[in-house]
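Chemist: The file below is entry_20.tsv, TSV, C-alpha atoms:
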```tsv
chain	number	residue	atom	x	y	z
T	1	MET	CA	0.00	0.00	0.00
T	2	GLU	CA	1.24	3.48	-0.87
T	3	LEU	CA	2.45	5.33	2.26
T	4	LYS	CA	0.16	8.32	1.74
T	5	GLN	CA	-2.86	6.04	1.51
T	6	ARG	CA	-1.65	4.24	4.61
T	7	ILE	CA	-1.44	7.52	6.57
T	8	HIS	CA	-4.97	8.47	5.50
T	9	GLN	CA	-6.19	5.04	6.52
T	10	LEU	CA	-4.52	5.16	9.94
T	11	ALA	CA	-5.76	8.71	10.63
T	12	ALA	CA	-9.32	7.61	9.87
T	13	ALA	CA	-8.97	4.44	11.95
T	14	ILE	CA	-7.90	6.30	15.10
T	15	SER	CA	-10.09	9.39	14.63
T	16	THR	CA	-12.55	8.38	17.36
T	17	GLU	CA	-9.64	7.69	19.70
T	18	VAL	CA	-8.12	11.10	19.03
T	19	ILE	CA	-11.46	12.79	19.69
T	20	GLY	CA	-11.41	10.97	23.03
T	21	TYR	CA	-7.92	12.33	23.77
T	22	ARG	CA	-9.09	15.83	22.98
T	23	ARG	CA	-12.24	15.59	25.08
T	24	HIS	CA	-10.31	14.28	28.08
T	25	ILE	CA	-7.76	17.08	27.84
T	26	HIS	CA	-10.48	19.68	27.24
T	27	ALA	CA	-12.44	18.53	30.29
T	28	ASN	CA	-9.32	18.64	32.47
T	29	PRO	CA	-7.53	21.88	31.56
T	30	GLU	CA	-4.51	23.16	33.45
T	31	LEU	CA	-2.94	26.61	33.47
T	32	SER	CA	0.51	27.44	32.13
T	33	PHE	CA	3.34	25.55	33.85
T	34	GLU	CA	0.79	23.62	35.92
T	35	GLU	CA	0.12	20.87	33.34
T	36	TYR	CA	0.99	18.02	35.71
T	37	ASN	CA	-1.98	15.77	34.95
T	38	THR	CA	-1.78	16.56	31.24
T	39	CYS	CA	1.89	15.58	31.30
T	40	ARG	CA	1.04	12.26	32.96
T	41	TYR	CA	-1.79	11.66	30.48
T	42	VAL	CA	0.47	12.30	27.49
T	43	SER	CA	3.20	10.13	28.96
T	44	GLY	CA	0.78	7.26	29.57
T	45	LEU	CA	-0.47	7.31	26.00
T	46	LEU	CA	3.04	7.48	24.55
T	47	THR	CA	3.98	4.48	26.68
T	48	SER	CA	0.97	2.58	25.34
T	49	PHE	CA	2.12	3.38	21.78
T	50	GLY	CA	5.60	2.06	22.58
T	51	VAL	CA	7.15	5.51	22.04
T	52	LYS	CA	10.16	6.28	24.21
T	53	HIS	CA	10.06	9.67	25.89
T	54	GLU	CA	11.18	11.86	28.77
T	55	THR	CA	9.03	13.94	31.11
T	56	GLY	CA	9.73	16.90	33.35
T	57	ILE	CA	11.37	19.05	30.68
T	58	ALA	CA	10.86	22.69	31.74
T	59	GLY	CA	8.75	21.30	34.57
T	60	THR	CA	5.84	19.67	32.77
T	61	GLY	CA	7.09	19.21	29.21
T	62	VAL	CA	7.40	15.87	27.42
T	63	VAL	CA	9.86	15.01	24.66
T	64	ALA	CA	9.57	11.80	22.64
T	65	LEU	CA	11.56	10.17	19.84
T	66	ILE	CA	10.22	7.97	17.07
T	67	GLU	CA	13.05	6.36	15.13
T	68	GLY	CA	12.83	4.90	11.67
T	69	LYS	CA	15.55	3.16	9.73
T	70	ASN	CA	18.96	4.85	9.88
T	71	PRO	CA	17.77	7.13	12.70
T	72	THR	CA	20.75	9.51	12.59
T	73	SER	CA	20.30	10.37	8.91
T	74	LYS	CA	18.01	13.31	9.68
T	75	VAL	CA	16.02	14.57	12.66
T	76	ILE	CA	12.97	16.84	12.54
T	77	ALA	CA	10.74	18.07	15.36
T	78	LEU	CA	6.98	18.38	15.75
T	79	ARG	CA	5.57	20.62	18.49
T	80	ALA	CA	2.31	20.92	20.41
T	81	ASP	CA	1.48	23.11	23.42
T	82	MET	CA	-0.54	21.86	26.39
T	83	ASP	CA	-1.65	24.76	28.62
T	84	ALA	CA	-5.10	26.29	29.02
T	85	LEU	CA	-6.39	29.80	29.81
T	86	PRO	CA	-7.98	31.41	32.90
T	87	ILE	CA	-11.44	31.58	31.28
T	88	GLU	CA	-14.75	30.22	32.55
T	89	GLU	CA	-16.22	27.97	29.85
T	90	LYS	CA	-19.78	28.73	28.70
T	91	ASN	CA	-20.23	25.82	26.30
T	92	ASP	CA	-22.86	23.22	27.19
T	93	VAL	CA	-21.07	20.11	25.97
T	94	PRO	CA	-20.31	16.69	27.53
T	95	TYR	CA	-16.61	17.52	27.63
T	96	LYS	CA	-17.02	20.95	29.26
T	97	SER	CA	-14.19	21.98	31.56
T	98	THR	CA	-14.44	20.50	35.03
T	99	ASN	CA	-11.81	22.91	36.35
T	100	ILE	CA	-13.73	26.06	37.31
T	101	GLY	CA	-12.25	29.18	35.76
T	102	VAL	CA	-9.89	27.30	33.45
T	103	MET	CA	-10.61	26.43	29.81
T	104	HIS	CA	-8.88	25.22	26.66
T	105	ALA	CA	-10.00	28.31	24.78
T	106	CYS	CA	-7.04	28.47	22.41
T	107	GLY	CA	-7.07	24.96	21.00
T	108	HIS	CA	-4.07	23.56	22.82
T	109	ASP	CA	-6.15	20.48	23.58
T	110	VAL	CA	-6.43	20.06	19.80
T	111	HIS	CA	-2.70	20.50	19.29
T	112	THR	CA	-1.81	17.96	21.98
T	113	SER	CA	-4.36	15.34	20.95
T	114	SER	CA	-3.42	15.73	17.28
T	115	LEU	CA	0.25	15.20	18.04
T	116	LEU	CA	-0.64	12.16	20.14
T	117	GLY	CA	-2.54	10.78	17.16
T	118	THR	CA	0.40	11.58	14.91
T	119	ALA	CA	2.68	9.72	17.32
T	120	LYS	CA	0.45	6.66	17.14
T	121	ILE	CA	0.44	6.75	13.34
T	122	LEU	CA	4.19	7.22	13.04
T	123	SER	CA	4.90	4.46	15.55
T	124	GLN	CA	3.16	2.05	13.18
T	125	VAL	CA	5.16	2.94	10.05
T	126	THR	CA	8.73	3.08	11.39
T	127	ASP	CA	9.81	0.53	8.80
T	128	GLN	CA	8.75	2.90	6.02
T	129	PHE	CA	10.89	5.97	6.75
T	130	GLU	CA	14.48	6.90	7.53
T	131	GLY	CA	15.47	9.31	10.27
T	132	THR	CA	14.06	10.40	13.62
T	133	ILE	CA	11.02	12.45	14.54
T	134	LYS	CA	11.21	14.35	17.83
T	135	LEU	CA	7.86	15.15	19.44
T	136	ILE	CA	7.75	18.19	21.71
T	137	PHE	CA	4.78	18.50	24.08
T	138	GLN	CA	5.38	21.95	25.52
T	139	PRO	CA	4.05	23.71	28.63
T	140	GLY	CA	3.29	27.38	29.14
T	141	GLU	CA	2.75	28.91	25.72
T	142	GLU	CA	0.24	31.39	27.15
T	143	LYS	CA	2.48	32.85	29.85
T	144	PHE	CA	5.78	34.73	29.74
T	145	PRO	CA	8.57	33.80	29.45
T	146	GLY	CA	6.99	31.07	27.29
T	147	GLY	CA	7.54	27.35	27.62
T	148	ALA	CA	9.37	27.25	24.30
T	149	SER	CA	12.18	29.45	25.62
T	150	LEU	CA	12.52	27.29	28.73
T	151	MET	CA	12.57	24.04	26.76
T	152	ILE	CA	15.20	25.45	24.42
T	153	ASN	CA	17.29	26.43	27.44
T	154	GLU	CA	16.97	22.85	28.72
T	155	GLY	CA	18.26	21.43	25.43
T	156	VAL	CA	15.15	20.41	23.52
T	157	LEU	CA	16.86	21.36	20.25
T	158	GLU	CA	19.85	19.13	21.04
T	159	ASN	CA	20.60	15.42	21.51
T	160	PRO	CA	19.49	14.84	18.82
T	161	ALA	CA	19.39	18.23	17.14
T	162	PRO	CA	16.49	18.62	14.67
T	163	ALA	CA	17.17	20.17	11.27
T	164	ASN	CA	13.82	21.95	11.45
T	165	ILE	CA	10.58	22.12	13.39
T	166	ILE	CA	6.91	22.05	12.41
T	167	GLY	CA	3.95	23.27	14.45
T	168	GLN	CA	0.23	23.64	13.85
T	169	HIS	CA	-2.34	25.91	15.50
T	170	VAL	CA	-6.10	26.05	15.20
T	171	MET	CA	-7.72	28.96	13.37
T	172	ALA	CA	-11.39	29.73	13.83
T	173	LEU	CA	-11.56	31.66	10.56
T	174	ILE	CA	-10.76	28.56	8.48
T	175	PRO	CA	-13.33	25.77	7.90
T	176	ALA	CA	-12.56	22.30	9.22
T	177	GLY	CA	-10.80	20.20	6.61
T	178	LYS	CA	-8.68	23.09	5.38
T	179	VAL	CA	-5.27	24.41	6.44
T	180	GLY	CA	-3.27	27.59	5.82
T	181	PHE	CA	0.39	28.34	5.16
T	182	ARG	CA	2.60	31.41	4.79
T	183	GLU	CA	6.26	31.78	3.86
T	184	GLY	CA	8.51	34.25	5.66
T	185	MET	CA	7.35	36.67	8.36
T	186	TYR	CA	4.08	35.52	9.87
T	187	MET	CA	3.39	36.54	13.50
T	188	ALA	CA	4.38	39.54	15.57
T	189	SER	CA	6.60	40.03	18.57
T	190	ALA	CA	4.71	40.99	21.73
T	191	ASP	CA	6.04	43.20	24.52
T	192	GLU	CA	4.05	44.23	27.60
T	193	ILE	CA	4.04	47.88	28.66
T	194	TYR	CA	3.36	49.00	32.24
T	195	ILE	CA	3.25	52.77	32.93
T	196	THR	CA	2.66	54.43	36.28
T	197	VAL	CA	1.96	58.17	36.20
T	198	LYS	CA	2.48	59.77	39.63
T	199	GLY	CA	0.98	63.16	40.36
T	200	LYS	CA	-0.68	64.78	43.37
T	201	GLY	CA	-4.25	63.92	44.19
T	202	GLY	CA	-6.92	66.00	45.85
T	203	HIS	CA	-10.42	67.43	45.49
T	204	ALA	CA	-11.66	67.62	41.90
T	205	ALA	CA	-13.05	71.11	42.58
T	206	MET	CA	-9.51	72.44	43.13
T	207	PRO	CA	-7.50	71.24	40.11
T	208	ASP	CA	-4.96	74.05	40.60
T	209	LYS	CA	-3.90	72.44	43.86
T	210	ASN	CA	-3.33	69.02	42.24
T	211	VAL	CA	-1.15	67.40	39.60
T	212	ASP	CA	-3.78	65.40	37.74
T	213	PRO	CA	-2.43	61.97	36.71
T	214	ILE	CA	-5.72	61.18	34.91
T	215	LEU	CA	-5.25	64.07	32.49
T	216	ILE	CA	-1.53	63.39	32.10
T	217	ALA	CA	-2.12	59.68	31.43
T	218	SER	CA	-4.64	60.66	28.77
T	219	HIS	CA	-2.09	62.86	27.03
T	220	ILE	CA	0.46	60.03	27.17
T	221	ILE	CA	-1.92	57.47	25.64
T	222	VAL	CA	-2.86	59.77	22.76
T	223	ALA	CA	0.69	60.99	22.12
T	224	LEU	CA	2.23	57.51	22.08
T	225	GLN	CA	0.21	56.64	18.98
T	226	GLN	CA	2.60	58.96	17.15
T	227	VAL	CA	5.36	56.44	17.76
T	228	ILE	CA	3.61	54.22	15.22
T	229	SER	CA	2.03	56.78	12.89
T	230	ARG	CA	5.00	59.16	12.59
T	231	ASN	CA	8.13	57.18	13.43
T	232	CYS	CA	7.54	53.69	12.07
T	233	ASP	CA	8.32	52.87	8.44
T	234	PRO	CA	4.82	52.33	6.96
T	235	ARG	CA	6.05	49.10	5.40
T	236	ILE	CA	6.69	47.58	8.83
T	237	PRO	CA	3.60	46.17	10.57
T	238	ALA	CA	3.32	47.59	14.10
T	239	VAL	CA	0.58	47.89	16.72
T	240	LEU	CA	0.53	49.79	20.01
T	241	SER	CA	-2.59	49.21	22.11
T	242	PHE	CA	-3.53	49.99	25.70
T	243	GLY	CA	-6.12	47.75	27.30
T	244	LYS	CA	-6.16	48.75	30.95
T	245	ILE	CA	-6.23	52.06	32.84
T	246	THR	CA	-6.52	52.15	36.62
T	247	GLY	CA	-7.00	55.38	38.56
T	248	MET	CA	-8.53	54.89	41.98
T	249	GLY	CA	-10.26	58.22	42.23
T	250	ALA	CA	-13.93	59.17	42.14
T	251	THR	CA	-16.22	61.74	40.49
T	252	ASN	CA	-14.87	64.37	42.85
T	253	VAL	CA	-11.49	62.86	43.74
T	254	ILE	CA	-8.32	63.13	41.68
T	255	PRO	CA	-6.04	60.18	42.55
T	256	ASP	CA	-2.33	60.32	43.24
T	257	GLU	CA	-1.43	57.93	40.45
T	258	VAL	CA	-2.73	56.18	37.36
T	259	LYS	CA	-1.57	52.85	35.98
T	260	ILE	CA	-1.68	52.05	32.26
T	261	GLU	CA	-1.09	48.63	30.69
T	262	GLY	CA	-0.69	47.80	27.03
T	263	THR	CA	1.11	45.85	24.34
T	264	PHE	CA	3.52	46.69	21.52
T	265	ARG	CA	3.79	44.34	18.54
T	266	THR	CA	5.82	44.37	15.35
T	267	LEU	CA	7.65	42.18	12.84
T	268	ASN	CA	11.02	43.93	12.77
T	269	GLU	CA	13.53	43.51	15.58
T	270	GLU	CA	15.46	46.75	14.90
T	271	TRP	CA	12.29	48.82	14.95
T	272	ARG	CA	11.10	46.88	18.00
T	273	ALA	CA	14.13	48.03	20.00
T	274	GLU	CA	13.91	51.63	18.73
T	275	ALA	CA	10.17	51.91	19.39
T	276	LYS	CA	10.48	50.81	22.99
T	277	GLN	CA	13.06	53.54	23.60
T	278	ARG	CA	10.79	56.13	21.96
T	279	ILE	CA	7.81	55.01	24.05
T	280	LYS	CA	9.80	55.38	27.25
T	281	LYS	CA	11.30	58.75	26.36
T	282	MET	CA	8.01	60.27	25.18
T	283	ALA	CA	5.97	59.11	28.18
T	284	GLU	CA	8.57	60.36	30.66
T	285	GLY	CA	8.88	63.67	28.82
T	286	ILE	CA	5.14	64.35	28.79
T	287	ALA	CA	4.79	63.51	32.47
T	288	GLU	CA	7.71	65.76	33.41
T	289	SER	CA	6.42	68.66	31.29
T	290	MET	CA	3.10	68.48	33.15
T	291	GLY	CA	4.59	68.32	36.62
T	292	ALA	CA	4.36	64.57	37.22
T	293	THR	CA	6.72	61.62	37.15
T	294	CYS	CA	6.39	58.49	35.09
T	295	GLU	CA	7.70	54.99	35.73
T	296	ILE	CA	7.81	52.63	32.73
T	297	ASP	CA	8.43	48.91	32.75
T	298	ILE	CA	8.51	47.25	29.33
T	299	LYS	CA	8.69	43.48	29.60
T	300	ASP	CA	10.24	41.81	26.59
T	301	GLY	CA	7.86	39.19	25.25
T	302	TYR	CA	7.98	36.70	22.42
T	303	PRO	CA	10.00	37.56	19.29
T	304	PHE	CA	8.41	37.65	15.84
T	305	LEU	CA	7.67	34.32	14.20
T	306	LYS	CA	9.21	33.61	10.81
T	307	ASN	CA	8.53	30.63	8.60
T	308	ALA	CA	11.64	29.53	6.72
T	309	PRO	CA	10.58	30.15	3.10
T	310	ALA	CA	11.96	26.95	1.56
T	311	LEU	CA	10.59	24.75	4.36
T	312	ALA	CA	7.17	26.45	4.34
T	313	LYS	CA	6.99	26.03	0.57
T	314	ARG	CA	7.78	22.32	0.84
T	315	MET	CA	5.22	21.88	3.60
T	316	ARG	CA	2.54	23.69	1.60
T	317	GLU	CA	3.22	21.48	-1.42
T	318	ALA	CA	3.11	18.37	0.77
T	319	ALA	CA	-0.21	19.53	2.25
T	320	ILE	CA	-1.63	19.99	-1.26
T	321	ASP	CA	-0.48	16.47	-2.11
T	322	PHE	CA	-2.18	15.10	1.01
T	323	LEU	CA	-5.37	17.20	1.18
T	324	GLY	CA	-5.85	18.60	-2.32
T	325	SER	CA	-5.19	22.18	-3.48
T	326	GLU	CA	-8.75	23.27	-2.64
T	327	ASN	CA	-8.04	22.61	1.03
T	328	VAL	CA	-4.77	24.55	1.32
T	329	LEU	CA	-5.02	28.31	1.78
T	330	ASP	CA	-2.56	31.20	1.84
T	331	LEU	CA	-2.34	33.16	5.11
T	332	ASP	CA	-1.93	36.89	5.72
T	333	LEU	CA	0.32	38.41	8.36
T	334	TRP	CA	-1.07	37.88	11.85
T	335	MET	CA	-0.34	40.41	14.61
T	336	ALA	CA	-0.95	37.97	17.44
T	337	ALA	CA	2.10	36.38	19.07
T	338	GLU	CA	3.22	32.79	19.67
T	339	ASP	CA	6.15	31.41	21.61
T	340	PHE	CA	6.80	28.98	18.75
T	341	ALA	CA	8.69	32.05	17.51
T	342	TYR	CA	11.57	31.11	19.80
T	343	TYR	CA	12.08	27.91	17.82
T	344	SER	CA	11.87	29.85	14.55
T	345	GLN	CA	14.71	32.10	15.73
T	346	LYS	CA	16.94	29.06	16.29
T	347	ILE	CA	16.23	26.63	13.42
T	348	ASP	CA	14.18	26.51	10.24
T	349	ALA	CA	10.53	26.42	11.24
T	350	CYS	CA	7.08	26.12	9.70
T	351	PHE	CA	4.00	27.15	11.67
T	352	TYR	CA	0.72	26.53	9.86
T	353	ARG	CA	-2.98	26.82	10.64
T	354	LEU	CA	-5.56	24.08	11.10
T	355	GLY	CA	-9.15	24.98	10.24
T	356	ILE	CA	-11.74	24.12	12.91
T	357	ARG	CA	-14.78	26.23	11.88
T	358	ASN	CA	-18.24	24.91	11.01
T	359	ASP	CA	-20.83	27.61	10.23
T	360	GLU	CA	-23.70	25.15	9.84
T	361	ARG	CA	-23.17	23.84	13.37
T	362	GLY	CA	-22.57	27.28	14.84
T	363	ILE	CA	-18.92	26.59	15.64
T	364	THR	CA	-17.66	30.08	14.89
T	365	SER	CA	-16.29	31.56	18.13
T	366	GLY	CA	-12.77	32.90	18.13
T	367	VAL	CA	-9.95	31.77	20.37
T	368	HIS	CA	-9.69	33.17	23.91
T	369	THR	CA	-13.48	33.34	24.23
T	370	PRO	CA	-15.66	31.32	26.65
T	371	THR	CA	-17.65	29.79	23.77
T	372	PHE	CA	-14.69	28.60	21.70
T	373	ASP	CA	-15.08	25.07	20.35
T	374	ILE	CA	-14.07	23.08	17.30
T	375	ASP	CA	-15.52	20.85	14.61
T	376	GLU	CA	-13.84	17.63	15.76
T	377	THR	CA	-13.49	16.34	12.20
T	378	ALA	CA	-10.51	18.71	12.12
T	379	LEU	CA	-8.64	16.30	14.38
T	380	GLN	CA	-8.37	13.70	11.63
T	381	THR	CA	-7.00	16.36	9.29
T	382	GLY	CA	-4.49	17.59	11.86
T	383	THR	CA	-3.37	14.12	12.88
T	384	GLY	CA	-2.85	12.72	9.40
T	385	LEU	CA	-1.38	15.86	7.87
T	386	MET	CA	1.28	16.32	10.53
T	387	ALA	CA	2.38	12.71	10.11
T	388	TRP	CA	2.57	13.19	6.35
T	389	LEU	CA	4.50	16.45	6.59
T	390	ALA	CA	7.03	14.83	8.90
T	391	LEU	CA	7.55	11.87	6.61
T	392	GLU	CA	7.86	14.05	3.51
T	393	GLU	CA	10.39	16.33	5.17
T	394	LEU	CA	12.55	13.40	6.27
T	395	LYS	CA	13.03	12.58	2.59
T	396	VAL	CA	14.71	15.92	1.95
T	397	ASN	CA	18.48	15.63	1.97
T	398	ASN	CA	20.09	18.16	4.29
T	399	ALA	CA	22.83	18.73	1.73
T	400	ASN	CA	20.24	19.99	-0.73
T	401	LEU	CA	18.66	22.53	1.61
```
Is it possible to express this structure as structure tokens?
Modeler:
Amino acid sequence: MELKQRIHQLAAAISTEVIGYRRHIHANPELSFEEYNTCRYVSGLLTSFGVKHETGIAGTGVVALIEGKNPTSKVIALRADMDALPIEEKNDVPYKSTNIGVMHACGHDVHTSSLLGTAKILSQVTDQFEGTIKLIFQPGEEKFPGGASLMINEGVLENPAPANIIGQHVMALIPAGKVGFREGMYMASADEIYITVKGKGGHAAMPDKNVDPILIASHIIVALQQVISRNCDPRIPAVLSFGKITGMGATNVIPDEVKIEGTFRTLNEEWRAEAKQRIKKMAEGIAESMGATCEIDIKDGYPFLKNAPALAKRMREAAIDFLGSENVLDLDLWMAAEDFAYYSQKIDACFYRLGIRNDERGITSGVHTPTFDIDETALQTGTGLMAWLALEELKVNNANL
């Protein structure tokens, strides 16, 4: 039997099993770096597949190896993340979260269960490929400093060292059965901005006796938009947004200080560094000119995510071969961030999107919402495709890259 047909057959045969994996993980979500039960669950399934692995990487991570013939000829990595979000689920489904206030609202249950299914498929065809496939089940994608950075620091890209890495992520904009790819720059860096404006509070009826941090913070928020509109090269994607303002005053009370929290995102590392300096200098200057002081803490977040063009092109072509051209889409730039970017800064990487939408069934909610869910037929697509991409990439001679 042709290998591609065999992969399709195996993905179909275990589809109900994989749905079971996903439902178990979805019903038992755990927050970033607290994925202890998920780690044990993944480990138990890998053991049942006969796949050798290690646990406890970066705390709750799992790393497995599936070796074919001539295992040292080439190594590639496949990655899935395992953590959930602090969201109260509002779906009325049999597999609803049993952990109050925690929910798999970003599809990491899909990523983990898909990779488990891929592991089961690959473990059954080891006599039909050469090389080694490293499976990375990663903790803490949703929380700085990002589980990817910690796993890299603990040697996940060594012993053996993969030539490249492939990851998939759900996308609620794409129908189930379809996937999306993009070559080159794909996702933004993400830095967190914390500003504290300190003035002098007092009665709102006597503004001349106060240094109003509410007014000053307002000036800072408006002025900082100039960093993007008048300093950034228009060809460089960049976003500066503030999502939280806290000033504990009242209708007739001006507070002593105001706290502002936001995010800065871009796809250019030189501009990223320059912009953060401009943000700091401008905010401090405005506060000083208006009689206040300003403390700024900018926490460096995930870098931008880049898909190695040659690898992404090969993966897109392999996906067309496996799913048909009508089921493979081209992606636009995406200003959200992903800690998979850390891998992409170290080795050639390809991060693609798995469609999970079903309009007819009302499965349309976006990620990070309490009603997020998936069309579970997507699991068969994700499981089989990742196995196929891995096998196709192992055929590529490193010398020809």
Chemist: Between T:Arg278, T:Arg230, T:Lys244, T:Lys134, single out the one closest to T:Gly262, counting all atoms listed in the file.
Modeler: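 Distance minimum relative to T:Gly262 lands on T:Lys244.
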Chemist: Expressed in Å to a single decimal, how great is the separation between atom CA of T:Ala238 and atom CA of T:Glu142?
Modeler: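 For atom CA of T:Ala238 relative to atom CA of T:Glu142, the distance reads 21.0 Å.
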Chemist: Determine, for each residue of stretch 349-382 of chain T having at least one atom at most 7 Å from an atom of stretch 14-21 of chain T, the closest pair of atoms and their separation in Å to one decimal, counting all atoms listed in the file; order by chain and ascending number, as JSON lines.
Modeler:
```
{"residue": "T:Glu376", "atom": "CA", "partner": "T:Ile19", "partner_atom": "CA", "distance": 6.7}
{"residue": "T:Leu379", "atom": "CA", "partner": "T:Ile19", "partner_atom": "CA", "distance": 7.0}
{"residue": "T:Gln380", "atom": "CA", "partner": "T:Ser15", "partner_atom": "CA", "distance": 5.5}
```
Chemist: So that I can check the surroundings of stretch 70-85 of chain T, please list as a PyMOL selection string every protein, DNA and RNA residue that reaches within 7 Å of it, counting all atoms listed in the file and ignoring chain neighbours fewer than 6 positions away.
Modeler: chain T and resi 29-32+35+102-105+108-109+111-112+115+130-141+161-167+394
Chemist: Pick from T:Pro86, T:Ala27, T:Leu10, T:Lys120: nearest to T:Gly50, with all atoms listed in the file counted?
Modeler: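 For T:Gly50, the nearest of the given residues is T:Lys120.
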Chemist: Please indicate the distance in Å from atom CA of T:His24 to atom CA of T:Ala176, rounded to one decimal place.
Modeler: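 Distance reported for this atom pair: 20.6 Å.
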Chemist: When you draw a straight line from atom CA of T:Glu2 to atom CA of T:Gln124, how long is it in Å?
Modeler: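 A separation of 14.3 Å between them.
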Chemist: When you get a chance, write out N, CA and C atoms for stretch 222-238 of chain T, as a JSON list (two decimals), in the frame of the given file.
Modeler:
```json
[["chain", "number", "residue", "atom", "x", "y", "z"],
["T", 222, "VAL", "N", -2.63, 59.21, 24.09],
["T", 222, "VAL", "CA", -2.86, 59.77, 22.76],
["T", 222, "VAL", "C", -1.53, 60.03, 22.04],
["T", 223, "ALA", "N", -0.58, 60.63, 22.74],
["T", 223, "ALA", "CA", 0.69, 60.99, 22.12],
["T", 223, "ALA", "C", 1.49, 59.78, 21.66],
["T", 224, "LEU", "N", 1.43, 58.68, 22.43],
["T", 224, "LEU", "CA", 2.23, 57.51, 22.08],
["T", 224, "LEU", "C", 1.81, 56.88, 20.75],
["T", 225, "GLN", "N", 0.60, 57.17, 20.29],
["T", 225, "GLN", "CA", 0.21, 56.64, 18.98],
["T", 225, "GLN", "C", 1.07, 57.23, 17.86],
["T", 226, "GLN", "N", 1.70, 58.38, 18.14],
["T", 226, "GLN", "CA", 2.60, 58.96, 17.15],
["T", 226, "GLN", "C", 3.85, 58.11, 16.93],
["T", 227, "VAL", "N", 4.20, 57.32, 17.93],
["T", 227, "VAL", "CA", 5.36, 56.44, 17.76],
["T", 227, "VAL", "C", 5.15, 55.54, 16.55],
["T", 228, "ILE", "N", 3.91, 55.08, 16.38],
["T", 228, "ILE", "CA", 3.61, 54.22, 15.22],
["T", 228, "ILE", "C", 3.35, 55.06, 13.98],
["T", 229, "SER", "N", 2.49, 56.06, 14.08],
["T", 229, "SER", "CA", 2.03, 56.78, 12.89],
["T", 229, "SER", "C", 3.06, 57.72, 12.29],
["T", 230, "ARG", "N", 4.04, 58.18, 13.11],
["T", 230, "ARG", "CA", 5.00, 59.16, 12.59],
["T", 230, "ARG", "C", 6.46, 58.75, 12.71],
["T", 231, "ASN", "N", 6.74, 57.62, 13.30],
["T", 231, "ASN", "CA", 8.13, 57.18, 13.43],
["T", 231, "ASN", "C", 8.40, 55.83, 12.79],
["T", 232, "CYS", "N", 7.36, 55.03, 12.63],
["T", 232, "CYS", "CA", 7.54, 53.69, 12.07],
["T", 232, "CYS", "C", 7.47, 53.73, 10.55],
["T", 233, "ASP", "N", 8.39, 53.05, 9.88],
["T", 233, "ASP", "CA", 8.32, 52.87, 8.44],
["T", 233, "ASP", "C", 6.97, 52.24, 8.10],
["T", 234, "PRO", "N", 6.16, 52.87, 7.25],
["T", 234, "PRO", "CA", 4.82, 52.33, 6.96],
["T", 234, "PRO", "C", 4.82, 50.91, 6.41],
["T", 235, "ARG", "N", 5.97, 50.46, 5.93],
["T", 235, "ARG", "CA", 6.05, 49.10, 5.40],
["T", 235, "ARG", "C", 6.25, 48.05, 6.49],
["T", 236, "ILE", "N", 6.49, 48.51, 7.72],
["T", 236, "ILE", "CA", 6.69, 47.58, 8.83],
["T", 236, "ILE", "C", 5.40, 47.49, 9.65],
["T", 237, "PRO", "N", 4.79, 46.31, 9.73],
["T", 237, "PRO", "CA", 3.60, 46.17, 10.57],
["T", 237, "PRO", "C", 3.94, 46.46, 12.04],
["T", 238, "ALA", "N", 3.10, 47.27, 12.69],
["T", 238, "ALA", "CA", 3.32, 47.59, 14.10],
["T", 238, "ALA", "C", 1.99, 47.98, 14.73]]
```
